[in-house]
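Notes to accompany the following structure.
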Amino acid sequence: MQSSKAYSITEATKKLEGYCAYQERCHKEVTQKLRDMRMIPEAIDQIITHLIQENYLNEERFAQSFVRGKFSIKKWGKNRIVNELKLRDISRFNIKTALKEIDDSTYRNTLDELSKKRLSQITETNIQKKRKKLADYLLYRGWESHLVYEKLKELI
């Protein structure tokens with residue numbers, strides 16, 4: 001949605017403050033939003049600096065919020081979460097810090113519940129195919145392969 005409206009720096013700043021206050025954003029999303037608003041690079045830098053100084057934009061906070069949400073709501077494993085954060089140009093340091101939001105025992109319990117739930121939905125009778133379907137499902141969701149294969153041995 002390209003808007004033809006021209007924004008002053010003040011208008012754009014106000015608009016982006018609301019955008020960032022509504023939910024955590026990463027720098028990449030904010031930069032893209034400003035580009036879509038047809039702001040020049042100097043204005044983009046100035047607005048992003050303001051958003052960071054005023055704490056509307058905080059990459060570490062974004063990463064932590066992202067990790068909590070994708071894990072608790074979507075039940076994603078760490079691999080998928082890390083890949084998604086990398087796509088958003090989040091630093092390795094912030095990714096590492098953010099992953100600490102996931103408690104290890106909660107992580108394993110979630111894998112257990114997710115595996116059992118999915119297994120009960122698989123109607124395949126062939127054991128090998130059943131194992132493959134469950135493994136593919138869990139790997140796609142970003143669970144580490146060693147954990148997935150441990151779980152397969154345990155359940156099937």
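Identifiers in the structure tokens: chain A, B, ... in order shown; residue index from 1 per chain; ligand index from 1 in order shown.
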Residues near Asn58 (chain A), cut-off 8 Å, only C-alpha atoms, skip fewer than 3 positions along chain, as a PyMOL selection string = chain A and resi 24-26+52+55+61-62
Using N, CA and C atoms, can you write the selected residues to a file as a PDB file, in the first residue's frame?
ATOM      1  N   GLU A  24       5.891  -4.505  19.782  1.00  0.00           N
ATOM      2  CA  GLU A  24       7.342  -4.437  19.596  1.00  0.00           C
ATOM      3  C   GLU A  24       7.674  -4.575  18.108  1.00  0.00           C
ATOM      4  N   ARG A  25       8.603  -3.764  17.641  1.00  0.00           N
ATOM      5  CA  ARG A  25       9.032  -3.813  16.237  1.00  0.00           C
ATOM      6  C   ARG A  25      10.543  -3.949  16.187  1.00  0.00           C
ATOM      7  N   CYS A  26      11.036  -4.500  15.069  1.00  0.00           N
ATOM      8  CA  CYS A  26      12.485  -4.531  14.882  1.00  0.00           C
ATOM      9  C   CYS A  26      12.875  -3.382  13.952  1.00  0.00           C
ATOM     10  N   ILE A  52      14.767   5.145  19.095  1.00  0.00           N
ATOM     11  CA  ILE A  52      15.646   4.389  19.992  1.00  0.00           C
ATOM     12  C   ILE A  52      15.875   5.183  21.285  1.00  0.00           C
ATOM     13  N   ASN A  55      13.049   5.101  23.550  1.00  0.00           N
ATOM     14  CA  ASN A  55      12.739   3.717  23.925  1.00  0.00           C
ATOM     15  C   ASN A  55      11.469   3.143  23.276  1.00  0.00           C
ATOM     16  N   ARG A  61      14.521  -5.975  23.361  1.00  0.00           N
ATOM     17  CA  ARG A  61      13.161  -6.158  23.861  1.00  0.00           C
ATOM     18  C   ARG A  61      12.291  -6.820  22.791  1.00  0.00           C
ATOM     19  N   PHE A  62      12.488  -6.403  21.517  1.00  0.00           N
ATOM     20  CA  PHE A  62      11.748  -7.012  20.414  1.00  0.00           C
ATOM     21  C   PHE A  62      12.057  -8.510  20.354  1.00  0.00           C
TER      22      PHE A  62
END
Using only C-alpha atoms, which residues sit within 9 Å of Tyr56 (chain A) once same-chain residues fewer than 3 positions away are excluded, as a compact mmCIF listing (two decimals) with N, CA, C and O atoms, in the first residue's frame?
# COMPACT_ATOMS: atom_id res chain seq x y z
N LEU A 16 5.18 6.83 13.59
CA LEU A 16 6.02 5.68 13.94
C LEU A 16 6.06 5.43 15.45
O LEU A 16 6.24 4.29 15.88
N GLU A 17 5.89 6.46 16.24
CA GLU A 17 5.82 6.26 17.70
C GLU A 17 4.60 5.38 18.00
O GLU A 17 4.67 4.44 18.79
N GLY A 18 3.50 5.66 17.34
CA GLY A 18 2.28 4.85 17.52
C GLY A 18 2.48 3.43 17.02
O GLY A 18 2.06 2.47 17.66
N CYS A 20 5.23 1.75 16.85
CA CYS A 20 6.11 1.01 17.76
C CYS A 20 5.46 0.78 19.13
O CYS A 20 5.75 -0.20 19.80
N ALA A 21 4.59 1.70 19.54
CA ALA A 21 3.94 1.56 20.84
C ALA A 21 2.89 0.45 20.80
O ALA A 21 2.65 -0.24 21.78
N GLU A 24 5.89 -4.51 19.78
CA GLU A 24 7.34 -4.44 19.60
C GLU A 24 7.67 -4.57 18.11
O GLU A 24 7.10 -5.40 17.40
N ARG A 25 8.60 -3.76 17.64
CA ARG A 25 9.03 -3.81 16.24
C ARG A 25 10.54 -3.95 16.19
O ARG A 25 11.25 -3.52 17.10
N HIS A 50 15.61 8.85 17.02
CA HIS A 50 14.63 9.37 18.00
C HIS A 50 13.88 8.22 18.67
O HIS A 50 13.74 8.19 19.89
N LEU A 51 13.42 7.25 17.86
CA LEU A 51 12.64 6.13 18.41
C LEU A 51 13.48 5.30 19.39
O LEU A 51 12.97 4.83 20.41
N ILE A 52 14.77 5.15 19.10
CA ILE A 52 15.65 4.39 19.99
C ILE A 52 15.88 5.18 21.29
O ILE A 52 15.75 4.64 22.38
N GLN A 53 16.17 6.48 21.14
CA GLN A 53 16.42 7.32 22.33
C GLN A 53 15.21 7.39 23.25
O GLN A 53 15.34 7.39 24.46
Using only C-alpha atoms, which residue out of A:Tyr140, A:Ala43, A:Ile127, A:Glu150 lies closest to Asn83 (chain A)?
->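 Checking each of A:Tyr140, A:Ala43, A:Ile127, A:Glu150 against Asn83 (chain A), counting only C-alpha atoms, the winner is A:Tyr140.
Pairwise distance (CA of Lys153 (chain A), CA of Leu139 (chain A)) equals 15.1 Å.
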Excluding Lys116 (chain A) and residues on its chain fewer than 3 positions from it, collect all residues at most 12 Å away from it, counting only C-alpha atoms, and give them as a ChimeraX atom specification.
-> /A:109-113,119-122,134-135,137-138,148,151-152,154-156
Can you pull out the residues contacting Lys78 (chain A)? Cut-off 9 Å, using only C-alpha atoms, and skip same-chain residues under 4 positions away; I want them as a CSV table (one decimal) with N, CA and C atoms, in the first residue's frame.
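Result file is selection-v1.csv:
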chain,number,residue,atom,x,y,z
A,67,VAL,N,10.5,-14.1,20.9
A,67,VAL,CA,10.8,-15.5,21.4
A,67,VAL,C,9.6,-16.0,22.3
A,71,PHE,N,7.2,-19.0,20.9
A,71,PHE,CA,7.3,-20.3,21.6
A,71,PHE,C,6.0,-20.6,22.3
A,82,VAL,N,15.2,-18.8,15.9
A,82,VAL,CA,16.5,-18.2,15.5
A,82,VAL,C,16.5,-17.8,14.0
A,83,ASN,N,16.0,-18.7,13.2
A,83,ASN,CA,16.0,-18.3,11.7
A,83,ASN,C,15.1,-17.1,11.5
A,99,LEU,N,16.8,-16.0,23.7
A,99,LEU,CA,16.5,-17.4,23.9
A,99,LEU,C,16.5,-17.8,25.4
A,141,ARG,N,8.6,-27.1,12.5
A,141,ARG,CA,8.3,-26.1,13.5
A,141,ARG,C,9.6,-25.7,14.3
A,142,GLY,N,10.7,-26.2,13.8
A,142,GLY,CA,12.0,-25.7,14.4
A,142,GLY,C,12.5,-26.4,15.6
A,143,TRP,N,12.1,-27.6,15.9
A,143,TRP,CA,12.6,-28.3,17.0
A,143,TRP,C,13.9,-29.0,16.6
A,144,GLU,N,14.9,-29.0,17.5
A,144,GLU,CA,16.2,-29.5,17.2
A,144,GLU,C,16.1,-31.0,16.9
Any chance you could list, as a count of residues only, the residues in chain A that come up helix (DSSP H, G or I) when DSSP is run on the backbone?
-> 112
Could you name the residues that touch His27 (chain A) at 8 Å or less, counting only C-alpha atoms, but leaving out those on the same chain fewer than 2 positions away, as a ChimeraX atom specification?
-> /A:25,29-31,48,57,59
Got a sec: who's within 10 Å of Ala63 (chain A), counting only C-alpha atoms, leaving out chain neighbours fewer than 6 positions off, as a VMD selection string?
-> chain A and resid 24 to 26 69 81 to 82 85 88 90 to 91 94 to 99 101
When distances are computed from only C-alpha atoms, which of A:Ser145, A:Gln23, A:Gln128, A:Thr106 shows the smallest separation from Lys75 (chain A)?
->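 Closest candidate: A:Thr106.
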Figure out the distance between CA of Lys5 (chain A) and CA of Pro41 (chain A), please, to one decimal in Å.
-> 17.2 Å
Atom pair CA of Glu124 (chain A) / CA of Tyr149 (chain A): separation (Å) =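 Between CA of Glu124 (chain A) and CA of Tyr149 (chain A) the gap is 18.4 Å.
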